[in-house]
$ cat data_2.txt   # compact mmCIF, C-alpha atoms
# COMPACT_ATOMS: atom_id res chain seq x y z
CA MET A 1 5.39 -12.52 36.30
CA ARG A 2 3.43 -9.27 36.34
CA ASN A 3 -0.19 -9.68 35.31
CA LYS A 4 -0.62 -7.84 32.02
CA VAL A 5 -4.25 -8.74 31.41
CA ILE A 6 -6.60 -5.79 31.78
CA SER A 7 -10.19 -5.06 30.79
CA VAL A 8 -11.00 -3.19 27.61
CA GLU A 9 -12.30 -0.30 29.75
CA GLU A 10 -9.01 -0.13 31.69
CA ALA A 11 -7.21 -0.05 28.36
CA VAL A 12 -9.09 2.92 26.93
CA ASN A 13 -9.03 4.77 30.25
CA MET A 14 -5.25 4.95 29.86
CA ILE A 15 -5.58 6.87 26.60
CA PRO A 16 -6.07 10.63 27.16
CA ASP A 17 -7.53 13.22 24.78
CA GLY A 18 -4.85 14.37 22.34
CA ALA A 19 -2.93 11.08 22.38
CA THR A 20 -1.03 9.74 19.39
CA ILE A 21 -2.07 6.19 18.59
CA MET A 22 -0.69 3.62 16.16
CA TYR A 23 -3.15 0.92 15.14
CA GLY A 24 -2.33 -2.30 13.35
CA GLY A 25 -4.52 -3.53 10.54
CA PHE A 26 -5.04 -3.28 6.81
CA LEU A 27 -8.56 -2.15 5.98
CA GLY A 28 -9.44 -3.38 9.45
CA CYS A 29 -7.92 -6.84 8.92
CA GLY A 30 -5.74 -7.35 12.01
CA SER A 31 -7.03 -4.36 13.98
CA ALA A 32 -7.75 -4.45 17.72
CA HIS A 33 -11.48 -4.15 17.07
CA HIS A 34 -12.81 -4.32 20.62
CA ILE A 35 -10.38 -1.70 21.94
CA ILE A 36 -11.20 0.65 19.04
CA GLU A 37 -14.90 0.09 19.65
CA ALA A 38 -14.46 0.98 23.33
CA LEU A 39 -12.45 4.08 22.39
CA ALA A 40 -15.31 5.14 20.11
CA LYS A 41 -17.82 4.56 22.91
CA LYS A 42 -15.75 6.57 25.41
CA GLY A 43 -15.41 9.47 22.98
CA THR A 44 -11.71 10.20 23.56
CA LYS A 45 -10.97 13.13 21.26
CA ASP A 46 -8.30 15.15 19.42
CA LEU A 47 -6.48 11.95 18.54
CA THR A 48 -3.58 11.66 16.12
CA ILE A 49 -3.80 8.25 14.52
CA ILE A 50 -1.08 6.44 12.57
CA GLY A 51 -1.89 3.43 10.44
CA ASN A 52 -2.08 2.02 6.95
CA ASP A 53 -5.58 3.31 6.26
CA CYS A 54 -8.69 4.49 8.10
CA GLY A 55 -10.54 1.20 8.02
CA MET A 56 -13.60 0.94 5.83
CA ALA A 57 -16.96 2.67 5.74
CA THR A 58 -18.48 -0.84 5.53
CA GLY A 59 -16.85 -3.98 6.91
CA PRO A 60 -16.62 -7.44 5.31
CA ASN A 61 -19.82 -8.61 7.02
CA GLY A 62 -21.68 -5.35 6.51
CA GLU A 63 -20.41 -3.74 9.73
CA GLU A 64 -20.92 0.02 9.77
CA PHE A 65 -17.59 1.87 10.13
CA TYR A 66 -15.06 -0.97 10.26
CA GLY A 67 -11.85 -0.47 12.24
CA VAL A 68 -10.82 3.10 13.01
CA ALA A 69 -13.45 4.42 10.58
CA LYS A 70 -15.77 4.80 13.57
CA LEU A 71 -13.31 7.15 15.29
CA ILE A 72 -13.31 9.27 12.13
CA HIS A 73 -17.10 9.29 11.89
CA ASN A 74 -17.32 10.32 15.55
CA HIS A 75 -15.00 13.30 14.88
CA GLN A 76 -12.57 11.97 17.52
CA VAL A 77 -9.54 12.37 15.26
CA LYS A 78 -7.74 15.62 14.46
CA HIS A 79 -4.79 14.24 12.47
CA VAL A 80 -4.34 11.14 10.32
CA ILE A 81 -1.00 9.74 9.16
CA ALA A 82 -1.74 6.94 6.68
CA THR A 83 -1.01 5.54 3.22
CA HIS A 84 -4.54 5.27 1.82
CA VAL A 85 -7.81 6.62 3.16
CA GLY A 86 -10.09 6.14 0.15
CA MET A 87 -12.18 3.36 1.71
CA THR A 88 -13.40 5.79 4.38
CA PRO A 89 -14.60 8.75 2.28
CA GLU A 90 -15.47 10.66 5.46
CA VAL A 91 -11.72 11.36 5.82
CA GLY A 92 -11.79 13.32 2.56
CA THR A 93 -14.95 15.14 3.63
CA GLN A 94 -13.57 16.21 7.02
CA ASN A 95 -10.26 17.20 5.40
CA MET A 96 -11.35 18.98 2.23
CA VAL A 97 -14.89 20.20 2.99
CA ASP A 98 -15.17 20.62 6.78
CA LYS A 99 -11.43 21.29 7.18
CA THR A 100 -11.49 19.78 10.67
CA LEU A 101 -9.05 16.94 10.00
CA THR A 102 -5.46 17.12 8.77
CA VAL A 103 -4.03 14.24 6.77
CA ASP A 104 -0.46 13.27 5.95
CA LEU A 105 -0.24 10.61 3.25
CA ILE A 106 2.91 8.52 3.21
CA PRO A 107 3.87 5.65 0.87
CA GLN A 108 3.09 2.28 2.43
CA GLY A 109 6.63 0.94 2.39
CA SER A 110 7.98 4.21 3.78
CA LEU A 111 5.42 4.22 6.60
CA ALA A 112 6.35 0.66 7.58
CA GLU A 113 10.06 1.53 7.70
CA MET A 114 9.50 4.85 9.50
CA ILE A 115 7.66 2.98 12.26
CA ARG A 116 10.30 0.24 12.26
CA ALA A 117 12.96 2.95 12.60
CA GLY A 118 11.02 4.50 15.49
CA GLY A 119 10.99 1.18 17.28
CA ALA A 120 14.55 0.22 16.43
CA GLY A 121 16.36 3.34 17.58
CA LEU A 122 17.20 4.57 14.10
CA GLY A 123 17.32 8.25 13.17
CA GLY A 124 15.46 7.87 9.90
CA VAL A 125 14.99 5.94 6.70
CA LEU A 126 16.60 6.53 3.31
CA THR A 127 14.24 5.29 0.61
CA PRO A 128 14.08 5.80 -3.15
CA THR A 129 10.26 5.78 -2.88
CA GLY A 130 8.72 9.19 -3.46
CA VAL A 131 11.69 10.83 -5.22
CA GLY A 132 10.33 13.40 -7.70
CA THR A 133 6.82 13.29 -6.18
CA ILE A 134 4.90 15.43 -3.69
CA VAL A 135 6.23 13.19 -0.89
CA GLU A 136 9.31 15.44 -1.07
CA ASP A 137 7.10 18.23 0.37
CA SER A 138 5.87 16.09 3.28
CA PRO A 139 6.75 17.35 6.78
CA PHE A 140 8.05 13.82 7.37
CA CYS A 141 10.60 14.16 4.55
CA LEU A 142 13.84 15.75 5.74
CA GLY A 143 15.43 16.11 2.31
CA LYS A 144 17.16 14.22 -0.44
CA GLN A 145 20.50 12.43 -0.44
CA THR A 146 22.49 10.89 -3.24
CA ILE A 147 24.30 7.68 -2.43
CA ASP A 148 26.36 5.91 -5.10
CA GLY A 149 24.63 8.01 -7.74
CA LYS A 150 21.09 7.14 -6.66
CA GLU A 151 18.65 9.57 -5.03
CA TYR A 152 16.88 8.80 -1.77
CA LEU A 153 14.45 10.64 0.50
CA LEU A 154 15.29 10.88 4.18
CA MET A 155 12.12 10.08 6.10
CA LYS A 156 11.64 10.70 9.82
CA PRO A 157 11.17 7.87 12.30
CA LEU A 158 7.71 7.58 13.87
CA HIS A 159 6.89 6.89 17.50
CA ALA A 160 3.55 6.99 19.31
CA ASP A 161 2.13 7.26 22.82
CA PHE A 162 0.10 4.08 22.33
CA ALA A 163 0.03 1.16 19.91
CA LEU A 164 -3.07 -0.99 19.56
CA ILE A 165 -2.13 -4.44 18.30
CA GLY A 166 -4.45 -7.21 17.09
CA GLY A 167 -3.26 -10.78 17.66
CA HIS A 168 -5.03 -14.04 16.96
CA MET A 169 -3.37 -16.01 19.73
CA ILE A 170 -1.68 -14.23 22.62
CA ASP A 171 -0.31 -15.83 25.77
CA LYS A 172 -0.39 -14.15 29.16
CA PHE A 173 3.19 -12.88 28.77
CA GLY A 174 2.06 -11.13 25.56
CA ASN A 175 3.73 -13.40 23.00
CA ILE A 176 1.74 -13.16 19.77
CA TRP A 177 0.93 -15.51 16.92
CA TYR A 178 -0.86 -13.86 14.02
CA LYS A 179 -3.33 -15.47 11.64
CA GLY A 180 -3.39 -14.92 7.86
CA THR A 181 -2.71 -11.40 6.63
CA THR A 182 -3.14 -9.78 10.07
CA ARG A 183 0.60 -9.28 10.65
CA ASN A 184 0.73 -6.18 8.43
CA PHE A 185 1.63 -3.12 10.55
CA ASN A 186 1.14 -4.90 13.90
CA ILE A 187 4.70 -6.26 13.83
CA VAL A 188 6.47 -2.90 13.58
CA MET A 189 3.97 -0.95 15.68
CA ALA A 190 4.43 -3.29 18.65
CA THR A 191 7.98 -1.91 18.84
CA ALA A 192 7.29 1.80 18.37
CA ALA A 193 5.05 3.14 21.15
CA ASP A 194 5.47 4.05 24.82
CA VAL A 195 2.53 1.84 25.79
CA VAL A 196 1.65 -1.21 23.70
CA ILE A 197 -1.75 -2.82 24.22
CA ALA A 198 -2.49 -6.08 22.43
CA GLU A 199 -5.97 -7.50 21.91
CA ALA A 200 -6.23 -11.28 21.82
CA ASP A 201 -8.86 -13.12 19.82
CA ASN A 202 -7.70 -16.11 21.84
CA LEU A 203 -5.95 -15.53 25.18
CA VAL A 204 -3.89 -18.61 26.07
CA GLU A 205 -1.47 -19.74 28.77
CA VAL A 206 2.28 -19.20 28.57
CA GLY A 207 3.70 -22.22 26.76
CA ASP A 208 0.69 -22.71 24.50
CA ILE A 209 2.55 -20.93 21.69
CA GLU A 210 5.81 -22.69 20.88
CA PRO A 211 8.77 -20.26 21.11
CA GLU A 212 9.49 -20.93 17.41
CA ASN A 213 6.02 -19.70 16.53
CA VAL A 214 6.11 -16.47 18.52
CA VAL A 215 6.14 -13.61 16.01
CA THR A 216 6.01 -10.65 18.42
CA SER A 217 7.72 -11.19 21.76
CA GLY A 218 5.70 -10.43 24.86
CA ALA A 219 8.61 -8.24 25.95
CA PHE A 220 7.21 -5.57 23.60
CA ILE A 221 3.71 -5.82 25.05
CA ASN A 222 2.70 -3.81 28.14
CA TYR A 223 -0.95 -4.84 28.44
CA ILE A 224 -3.24 -7.53 27.06
CA VAL A 225 -6.98 -7.30 26.52
CA ASP A 226 -8.98 -10.48 26.09
CA GLY A 227 -11.00 -9.44 23.07
CA GLY A 228 -12.71 -12.75 22.47
CA LYS A 229 -13.78 -14.06 19.10
CA LEU A 230 -14.04 -11.63 16.22
CA MET B 1 -12.71 -2.88 -31.35
CA GLU B 2 -15.82 -3.20 -29.20
CA LYS B 3 -15.51 -1.44 -25.84
CA SER B 4 -16.33 -4.70 -24.03
CA GLU B 5 -13.40 -6.50 -25.68
CA ILE B 6 -10.73 -3.93 -24.86
CA LYS B 7 -9.81 -4.98 -21.33
CA GLY B 8 -9.53 -8.66 -22.20
CA PHE B 9 -7.46 -7.84 -25.30
CA ILE B 10 -4.99 -5.76 -23.27
CA ALA B 11 -4.80 -8.35 -20.45
CA LYS B 12 -4.12 -11.14 -22.96
CA ARG B 13 -1.21 -9.21 -24.45
CA VAL B 14 0.19 -8.31 -21.01
CA ALA B 15 0.15 -12.02 -20.06
CA LYS B 16 2.75 -12.69 -22.77
CA GLU B 17 5.24 -10.51 -20.92
CA LEU B 18 5.34 -12.84 -17.94
CA LYS B 19 7.73 -15.77 -17.63
CA ASP B 20 7.31 -18.96 -15.66
CA GLY B 21 8.35 -18.33 -12.06
CA ASP B 22 8.09 -14.53 -12.19
CA VAL B 23 7.04 -12.77 -9.00
CA VAL B 24 4.24 -10.40 -9.99
CA ASN B 25 2.21 -7.73 -8.22
CA LEU B 26 -1.08 -6.78 -9.87
CA GLY B 27 -2.83 -3.46 -9.42
CA ILE B 28 -6.60 -3.28 -9.07
CA GLY B 29 -8.94 -3.46 -12.09
CA LEU B 30 -7.69 -4.57 -15.50
CA PRO B 31 -4.39 -6.09 -14.22
CA THR B 32 -6.31 -8.67 -12.17
CA LEU B 33 -7.57 -10.16 -15.47
CA VAL B 34 -4.02 -11.04 -16.57
CA PRO B 35 -3.53 -14.42 -14.80
CA ALA B 36 -6.51 -15.88 -16.70
CA TYR B 37 -4.59 -15.39 -19.97
CA LEU B 38 -1.24 -16.91 -18.95
CA PRO B 39 -0.04 -19.42 -21.56
CA ASP B 40 0.06 -23.12 -20.61
CA GLY B 41 3.09 -23.93 -18.51
CA VAL B 42 3.56 -20.37 -17.26
CA HIS B 43 2.93 -20.07 -13.54
CA VAL B 44 3.64 -16.82 -11.73
CA ILE B 45 4.03 -16.10 -8.02
CA LEU B 46 1.53 -13.42 -7.07
CA GLN B 47 2.29 -11.01 -4.28
CA SER B 48 -0.33 -9.08 -2.30
CA GLU B 49 1.51 -6.20 -0.67
CA ASN B 50 -0.65 -6.30 2.46
CA GLY B 51 0.99 -9.58 3.39
CA ILE B 52 1.05 -12.55 1.01
CA ILE B 53 3.84 -13.94 -1.16
CA GLY B 54 2.30 -16.71 -3.24
CA THR B 55 -1.35 -15.69 -3.25
CA GLY B 56 -3.58 -18.67 -4.02
CA PRO B 57 -6.81 -18.97 -5.99
CA LYS B 58 -9.69 -16.91 -4.65
CA PRO B 59 -11.29 -18.80 -1.73
CA SER B 60 -14.87 -20.01 -2.10
CA ALA B 61 -17.53 -18.17 -0.11
CA GLU B 62 -17.52 -20.84 2.62
CA ASN B 63 -13.70 -20.89 2.87
CA ALA B 64 -13.28 -17.11 2.87
CA GLU B 65 -12.11 -15.56 6.16
CA PRO B 66 -12.28 -11.80 5.46
CA LYS B 67 -11.54 -10.94 9.10
CA TYR B 68 -8.14 -12.62 8.79
CA LYS B 69 -7.20 -13.15 5.16
CA ILE B 70 -7.55 -10.47 2.51
CA ASP B 71 -5.68 -9.09 -0.49
CA ALA B 72 -4.54 -5.50 -0.92
CA GLY B 73 -7.93 -4.55 -2.36
CA GLY B 74 -9.67 -5.85 0.76
CA SER B 75 -11.20 -8.92 -0.94
CA PRO B 76 -10.99 -12.37 0.69
CA ALA B 77 -7.73 -14.09 -0.30
CA CYS B 78 -5.32 -16.68 1.04
CA ALA B 79 -1.82 -17.99 0.55
CA ASP B 80 -1.32 -20.84 -1.92
CA THR B 81 0.06 -24.14 -0.60
CA PHE B 82 3.60 -22.86 -1.35
CA GLY B 83 2.87 -19.31 -0.20
CA CYS B 84 3.34 -17.49 3.08
CA TYR B 85 2.06 -14.56 5.10
CA ILE B 86 4.37 -11.64 5.85
CA ASP B 87 4.22 -8.27 7.60
CA SER B 88 4.24 -4.87 5.87
CA ALA B 89 7.92 -4.05 6.48
CA THR B 90 8.97 -7.41 5.02
CA SER B 91 6.52 -7.01 2.15
CA PHE B 92 7.88 -3.64 1.11
CA GLY B 93 11.46 -4.72 1.67
CA PHE B 94 10.63 -7.47 -0.81
CA ILE B 95 9.22 -4.87 -3.23
CA ARG B 96 11.87 -2.15 -2.87
CA GLY B 97 14.66 -4.70 -2.73
CA GLY B 98 14.07 -5.77 -6.32
CA HIS B 99 12.52 -9.18 -5.63
CA VAL B 100 9.40 -8.46 -7.68
CA ASN B 101 9.92 -9.14 -11.39
CA ALA B 102 6.96 -7.18 -12.65
CA THR B 103 4.18 -4.94 -11.51
CA ILE B 104 1.21 -4.33 -13.77
CA LEU B 105 -0.99 -1.36 -13.11
CA GLY B 106 -3.29 1.14 -14.72
CA GLY B 107 -2.54 4.79 -15.33
CA LEU B 108 -4.26 8.15 -15.55
CA GLU B 109 -1.25 9.61 -17.40
CA VAL B 110 2.11 8.26 -18.58
CA ASP B 111 4.77 10.38 -20.19
CA GLU B 112 7.69 9.97 -22.56
CA GLU B 113 10.14 10.00 -19.67
CA GLY B 114 8.48 6.89 -18.25
CA SER B 115 6.89 8.80 -15.39
CA LEU B 116 3.44 7.75 -14.23
CA SER B 117 0.55 9.54 -12.54
CA ASN B 118 -2.17 7.27 -11.26
CA TRP B 119 -2.94 8.04 -7.65
CA ILE B 120 -4.68 11.36 -7.27
CA ILE B 121 -6.69 14.00 -9.07
CA PRO B 122 -6.18 16.97 -6.74
CA GLY B 123 -9.33 18.41 -5.19
CA LYS B 124 -11.52 15.53 -6.35
CA LYS B 125 -11.13 12.76 -3.82
CA MET B 126 -8.68 11.86 -1.13
CA PRO B 127 -7.42 8.36 -1.86
CA GLY B 128 -3.73 7.91 -1.00
CA MET B 129 -0.82 6.31 -2.77
CA GLY B 130 -0.95 3.11 -0.74
CA GLY B 131 1.83 0.88 -2.01
CA ALA B 132 1.93 2.19 -5.58
CA MET B 133 4.97 4.47 -5.20
CA ASP B 134 7.05 1.68 -3.67
CA LEU B 135 5.99 -0.81 -6.33
CA LEU B 136 6.95 1.51 -9.19
CA VAL B 137 10.35 2.18 -7.68
CA GLY B 138 11.07 -1.41 -6.71
CA ALA B 139 9.71 -3.71 -9.42
CA LYS B 140 12.13 -4.60 -12.20
CA GLU B 141 9.50 -4.28 -14.93
CA VAL B 142 6.72 -1.73 -14.65
CA ILE B 143 3.99 -2.43 -17.19
CA VAL B 144 1.21 0.12 -17.56
CA ALA B 145 -1.89 -1.61 -18.90
CA MET B 146 -4.62 0.83 -19.82
CA GLU B 147 -6.96 2.11 -22.50
CA HIS B 148 -5.02 4.32 -24.89
CA THR B 149 -7.21 7.40 -24.37
CA ALA B 150 -9.77 8.67 -21.86
CA LYS B 151 -12.95 9.92 -23.57
CA GLY B 152 -10.84 10.51 -26.69
CA ASN B 153 -8.17 12.48 -24.87
CA PRO B 154 -4.57 11.19 -24.91
CA LYS B 155 -3.26 9.63 -21.70
CA ILE B 156 0.24 9.17 -23.09
CA LEU B 157 1.82 12.61 -22.87
CA LYS B 158 5.08 14.50 -23.23
CA LYS B 159 4.86 15.30 -19.54
CA CYS B 160 2.28 14.25 -16.97
CA THR B 161 0.09 17.05 -15.60
CA LEU B 162 -1.21 15.20 -12.52
CA PRO B 163 0.99 14.56 -9.46
CA TYR B 164 3.46 11.77 -10.16
CA THR B 165 3.24 8.36 -8.56
CA ALA B 166 6.88 7.84 -9.56
CA VAL B 167 9.29 9.23 -12.14
CA HIS B 168 11.37 7.36 -14.75
CA CYS B 169 9.94 3.99 -13.78
CA VAL B 170 7.68 2.65 -16.53
CA THR B 171 9.28 0.07 -18.85
CA LYS B 172 6.34 -0.78 -21.12
CA ILE B 173 2.89 0.57 -22.02
CA ILE B 174 0.26 -1.83 -23.37
CA THR B 175 -3.04 -0.48 -24.71
CA GLU B 176 -5.72 -1.71 -27.11
CA MET B 177 -3.87 0.15 -29.90
CA CYS B 178 -0.26 -0.80 -29.38
CA VAL B 179 2.73 -1.87 -27.32
CA ILE B 180 5.25 0.86 -26.45
CA ASN B 181 8.69 0.37 -24.92
CA VAL B 182 9.99 3.23 -22.81
CA THR B 183 13.59 3.85 -23.90
CA ASP B 184 16.27 6.46 -23.18
CA LYS B 185 15.39 8.08 -26.52
CA GLY B 186 11.66 8.19 -25.86
CA LEU B 187 8.61 6.05 -26.55
CA GLU B 188 9.24 3.31 -29.09
CA LEU B 189 6.23 1.82 -30.87
CA VAL B 190 7.10 -1.88 -31.15
CA GLU B 191 3.74 -3.53 -31.84
CA ILE B 192 0.53 -2.23 -33.36
CA ASN B 193 -3.00 -3.62 -33.34
CA PRO B 194 -3.69 -4.33 -37.07
CA GLU B 195 -7.04 -2.53 -36.70
CA PHE B 196 -5.13 0.76 -36.51
CA THR B 197 -2.56 2.61 -38.59
CA VAL B 198 0.60 4.19 -37.18
CA GLU B 199 -0.94 7.59 -37.96
CA GLN B 200 -4.04 6.78 -35.92
CA VAL B 201 -1.94 5.63 -32.96
CA GLN B 202 0.20 8.78 -33.16
CA ALA B 203 -2.92 10.96 -33.37
CA ALA B 204 -4.20 9.37 -30.14
CA THR B 205 -0.84 9.98 -28.40
CA ALA B 206 0.39 13.38 -27.22
CA ALA B 207 4.06 12.32 -27.15
CA THR B 208 6.02 11.65 -30.32
CA LEU B 209 6.33 7.94 -31.00
CA ILE B 210 9.52 6.45 -32.41
CA VAL B 211 8.34 3.77 -34.81
CA SER B 212 10.49 0.67 -34.45
CA PRO B 213 12.09 -0.50 -37.71
CA ASP B 214 10.96 -3.92 -36.52
CA LEU B 215 7.29 -2.95 -35.89
CA LYS B 216 5.18 -6.08 -35.45
CA PRO B 217 1.45 -6.74 -35.40
CA MET B 218 0.02 -6.95 -31.88
CA CYS B 219 -1.80 -10.15 -31.15
$ encode --input "data_2.txt" --output "structure tokens"
Amino acid sequence: MRNKVISVEEAVNMIPDGATIMYGGFLGCGSAHHIIEALAKKGTKDLTIIGNDCGMATGPNGEEFYGVAKLIHNHQVKHVIATHVGMTPEVGTQNMVDKTLTVDLIPQGSLAEMIRAGGAGLGGVLTPTGVGTIVEDSPFCLGKQTIDGKEYLLMKPLHADFALIGGHMIDKFGNIWYKGTTRNFNIVMATAADVVIAEADNLVEVGDIEPENVVTSGAFINYIVDGGKL
Amino acid sequence: MEKSEIKGFIAKRVAKELKDGDVVNLGIGLPTLVPAYLPDGVHVILQSENGIIGTGPKPSAENAEPKYKIDAGGSPACADTFGCYIDSATSFGFIRGGHVNATILGGLEVDEEGSLSNWIIPGKKMPGMGGAMDLLVGAKEVIVAMEHTAKGNPKILKKCTLPYTAVHCVTKIITEMCVINVTDKGLELVEINPEFTVEQVQAATAATLIVSPDLKPMC
């Protein structure tokens, strides 16, 4: 079996300026923290980032710039596609005051399905969410359709160059078991990028996760970083 | 009514809308007070859209694991013994698919068509709709629980002026003054807080209220 385990530096060296990155996590819960930290340290710039939110200005244990918030604060991001960015007020500042960051806001359920569609070979998503709202004006909305008398928005599928996945227990094939509420966007994002890099809080041997307990198959995972304890 | 009593009064009345076994999603703020007022024998299944069906009691400080287990507001949370953890696509399939009986949330503006605006004041801040648009479209009952006015200005309008969160979705509005059902004909006043008259409630409301022939005291 090909060795998928690489160092965190090797992981971020693969990501060029201008890349589009999906990142799992909900307010940083379930994010690949060590990879994001290394990306911040390296200073990779002009990134387009796709995720639920932009992390938090302050983490649960007082961390400064939790999750992708540090990429925002470092001005490494040029475009955000997310559902909610209010916990990192810097996003609003760079968008509305500095005008250096563009933001596309998408309803959470629509974003999840658009990424799922991107990873599942579907041409789009028809959802009733957003009908009659400003989501209709989003560049990701391709119009409205009526099916059996009900209106739906046609939303584009999303795909990325890289996906950064956070997993609590990952074996050396890349099979993932998630803890608590960390599944969130990790599940769909692992299917929707050219290169998928998963960070393990606990890197284990193949066989240590029972096949019944594998949530994301290692077949989706290109590289594994041993992140160590959070 | 004293300002400090208003939220509890509204939450207590909202709690009466919920039935034993209902799946419920609570917005931030006032709605989170509702479970404390559930009548004896009524147990609801709480959903946290970030990934829990069957959210349990808030973990103690030593049991909290905020790196791994949070609710949609980012606070430490965990699944109840009967609950489970799910991913975002499953969570919103659950919501859009009609498996949530009720969502309770606050509002900046609600109008007589049952449309709600509660996610953005343009130019002020950049928040995001998060899961609110999906919840309004997917939940069977959408209950707006809020103070009747903001600094004396009506929040219940003929037509919302702020960007919509969703249109034609609200089923009931519960405030410290009254309970309003959203019907095809408009807003029907079905219960009134005995501290107020119908005229006072109408004066605090920018849409025309249809007074139910069966108007009851709110308690």
$ residues_around --input "data_2.txt" --residues "A:Leu71" --least-positions-apart "4" --cutoff "9 Å" --atoms "all atoms listed in the file" --output "number ranges by chain"
A: 36-37, 39-40, 43-45, 47, 54, 65, 67, 75-77
$ interface_residues --input "data_2.txt" --of "chain B" --to "chain A" --cutoff "7 Å" --atoms "all atoms listed in the file" --output "ChimeraX atom specification"
/B:50-52,66-70,74,85-89,92,125-131,133-134,137,163-167
$ closest_residue --input "data_2.txt" --among "B:Ile28, B:Ile192, B:Val182, B:Cys78" --to "B:His168" --atoms "all atoms listed in the file"
B:Val182
$ residues_near_point --input "data_2.txt" --point "(2.8, -7.5, -30.9)" --cutoff "8 Å" --atoms "all atoms listed in the file" --output "number ranges by chain"
B: 13, 178-179, 190-193, 216-219
$ residues_around --input "data_2.txt" --residues "B:Glu112" --least-positions-apart "2" --cutoff "7 Å" --atoms "all atoms listed in the file" --output "number ranges by chain"
B: 114, 157-159, 186-187, 207
$ axis_aligned_box --input "data_2.txt" --around "stretch 149-155 of chain B" --padding-each-side "5 Å" --output "JSON"
{"center_x": -8.1, "center_y": 9.9, "center_z": -24.2, "size_x": 19.7, "size_y": 15.1, "size_z": 15.0}
$ residues_around --input "data_2.txt" --residues "A:Ile170" --least-positions-apart "3" --cutoff "7 Å" --atoms "only C-alpha atoms" --output "PDB file with C-alpha atoms, keeping the file's coordinate frame"
ATOM      1  CA  GLY A 167      -3.260 -10.780  17.660  1.00  0.00           C
ATOM      2  CA  GLY A 174       2.060 -11.130  25.560  1.00  0.00           C
ATOM      3  CA  ASN A 175       3.730 -13.400  23.000  1.00  0.00           C
ATOM      4  CA  ILE A 176       1.740 -13.160  19.770  1.00  0.00           C
ATOM      5  CA  TRP A 177       0.930 -15.510  16.920  1.00  0.00           C
ATOM      6  CA  ALA A 200      -6.230 -11.280  21.820  1.00  0.00           C
ATOM      7  CA  ASN A 202      -7.700 -16.110  21.840  1.00  0.00           C
ATOM      8  CA  LEU A 203      -5.950 -15.530  25.180  1.00  0.00           C
ATOM      9  CA  VAL A 204      -3.890 -18.610  26.070  1.00  0.00           C
TER      10      VAL A 204
END
$ atom_distance --input "data_2.txt" --atom1 "atom CA of A:Val5" --atom2 "atom CA of A:Gly207"
16.3 Å
